[in-house]
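One structure is given here, and the rest of the page talks about it.
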Amino acid sequence: MMAGIRPMRHHLLDLQPFIRAIPDFPKPGILFRDINPLLRSPEAMGEVLDHLGRVCESVKPDLIVGIESRGFIVGMPLALRQGLGFIPVRKPGKLPGAVIGLDYALEYGSDRLEIQADACADGQRILVVDDLLATGGTAAATGRLVEQAGGTVVGYAVVIELVGLNGRRQLPPDAQVTSVLTYP
């Protein structure tokens with residue numbers, strides 16, 4: 001092999017070692033799945049983006065929506081790799097101009113998300129991206145916001161899914177939901 005040329009990988013990188021389990025965070029009884037070790041590894045993050053890129057090939061979105069804040073970390077590089085635009089969904093008061101907001105229930109209480117009112121043109125195909133799917137409240141609220149803004153959600157893609165919390169049940173039954181990693 002010539003110097004400076006990397007061989008094509010034939011085996012997928014095991015991403016499990018790049019996810020750290022932190023007990024009792026953010027409150028007692030919660031086992032937090034920390035993606036920071038994954039973010040520190042360009043090879044591991046590249047593997048995640050490769051996987052999510054295959055999701056994009058499947059659902060053919062026009063835009064990527066990332067959910068504040070770790071959805072930005074995953075969604076923006078994915079959008080760049082795929083040659084797509086990116087829309088941030090944020091907490092209240094963070095977006096300029098006219099916004100559409102939605103209050104929703106989540107694992108630890110309630111919250112509110114907002115999207116710019118003109119973020120999507122009617123019918124644009126949207127892939128919603130986040131780091132984690134737990135109870136599904138945040139992803140479901142984001143999907144509703146996208147639809148209120150005129151977009152059509154073609155799928156949800158996450159780095160980690162906590163399958164025991166049944167978050168998929170909160171999402172439309174016909175939605176494609178893809179997780180890179182799953183935990184009970």
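How things are named: the first chain in the structure tokens is A, the next is B, and so on; residues count from 1 in each chain; ligands count from 1 in the order shown.
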(message) Need to verify the contact set: Ile67 (chain A), 12 Å, only C-alpha atoms, exclusion of same-chain residues closer than 6 positions in sequence. Can you return it as a count of residues only?
(response) 33
For region 29-45 of chain A: contacts at 6 Å, only C-alpha atoms, fewer than 5 positions along chain excluded, given as a PDB file with C-alpha atoms, in the first residue's frame:
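What ended up in out-v6.pdb:
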ATOM      1  CA  PHE A  18     -17.288   5.003  23.133  1.00  0.00           C
ATOM      2  CA  ILE A  19     -20.492   5.329  25.177  1.00  0.00           C
ATOM      3  CA  ARG A  20     -20.021   5.824  28.906  1.00  0.00           C
ATOM      4  CA  ALA A  21     -22.714   4.941  31.458  1.00  0.00           C
ATOM      5  CA  ILE A  22     -23.041   7.530  34.237  1.00  0.00           C
ATOM      6  CA  PRO A  23     -25.312   6.400  37.106  1.00  0.00           C
ATOM      7  CA  ASP A  24     -27.606   8.829  38.918  1.00  0.00           C
TER       8      ASP A  24
END
(message) If DSSP is run on the backbone, what residues of region 7-39 of chain A are strand (DSSP E)? A reply as a list in words would be ideal.
(response) Arg20, Ala21, Ile22, Pro23, Leu31, Phe32, Arg33 and Asp34 of chain A
Just-selected residues, C-alpha atoms written as a PDB file, in the first residue's frame:
ATOM      1  CA  ARG A  20     -20.021   5.824  28.906  1.00  0.00           C
ATOM      2  CA  ALA A  21     -22.714   4.941  31.458  1.00  0.00           C
ATOM      3  CA  ILE A  22     -23.041   7.530  34.237  1.00  0.00           C
ATOM      4  CA  PRO A  23     -25.312   6.400  37.106  1.00  0.00           C
ATOM      5  CA  LEU A  31     -28.426   5.823  33.994  1.00  0.00           C
ATOM      6  CA  PHE A  32     -27.128   8.499  31.624  1.00  0.00           C
ATOM      7  CA  ARG A  33     -25.552   7.392  28.322  1.00  0.00           C
ATOM      8  CA  ASP A  34     -22.688   9.834  27.715  1.00  0.00           C
TER       9      ASP A  34
END
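Pairwise distance (CA of Gly71 (chain A), CA of Gly85 (chain A)) equals 14.2 Å.
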(request) Among the residues of region 4-135 of chain A, find those DSSP assigns to alpha helix (DSSP H) from the backbone and print them as JSON, numbers by chain. (result) {"A": [36, 37, 38, 39, 42, 43, 44, 45, 46, 47, 48, 49, 50, 51, 52, 53, 54, 55, 56, 57, 58, 59, 70, 71, 72, 73, 74, 75, 76, 77, 78, 79, 80, 81, 82]}
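For the atom pair formed by CA of Leu181 (chain A) and CA of Leu15 (chain A), the distance is 7.8 Å, given to one decimal.
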(message) At a cut-off of 10 Å, using only C-alpha atoms, what residues contact Val59 (chain A)? Leave out same-chain residues fewer than 5 positions from it and give the result as JSON, numbers by chain.
(response) {"A": [54, 125, 126, 127, 153, 154, 155, 156, 176]}
Export of the given selection (N, CA and C atoms) as a CSV table (one decimal), in the first residue's frame:
chain,number,residue,atom,x,y,z
A,54,ARG,N,-26.3,6.5,5.5
A,54,ARG,CA,-27.1,5.4,4.9
A,54,ARG,C,-28.6,5.6,5.1
A,125,ARG,N,-39.0,17.4,2.7
A,125,ARG,CA,-38.8,16.2,3.4
A,125,ARG,C,-37.7,16.4,4.4
A,126,ILE,N,-38.1,16.0,5.7
A,126,ILE,CA,-37.2,16.3,6.9
A,126,ILE,C,-36.8,15.1,7.6
A,127,LEU,N,-35.5,14.9,7.9
A,127,LEU,CA,-35.0,13.9,8.8
A,127,LEU,C,-34.7,14.5,10.1
A,153,VAL,N,-42.1,15.0,7.9
A,153,VAL,CA,-41.1,14.2,8.5
A,153,VAL,C,-41.0,12.9,7.8
A,154,VAL,N,-39.8,12.5,7.3
A,154,VAL,CA,-39.6,11.2,6.6
A,154,VAL,C,-38.9,10.2,7.4
A,155,GLY,N,-38.4,10.7,8.6
A,155,GLY,CA,-37.8,9.7,9.5
A,155,GLY,C,-37.1,10.4,10.7
A,156,TYR,N,-36.8,9.5,11.6
A,156,TYR,CA,-36.1,10.0,12.8
A,156,TYR,C,-34.8,9.1,12.9
A,176,GLN,N,-40.1,6.0,9.8
A,176,GLN,CA,-38.8,5.2,9.9
A,176,GLN,C,-38.0,5.8,11.1
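The spacing separating CA of Leu12 (chain A) from CA of His51 (chain A) amounts to 9.8 Å.
If you measure from each of A:Glu68, A:Asp103, A:Asp174, A:Asp62 to Gly83 (chain A) using only C-alpha atoms, the closest one turns out to be A:Asp62.
Counting only C-alpha atoms and comparing A:Leu102, A:Ala117, A:Cys56, A:Leu95, the residue that lies closest to Gln82 (chain A) is A:Cys56.
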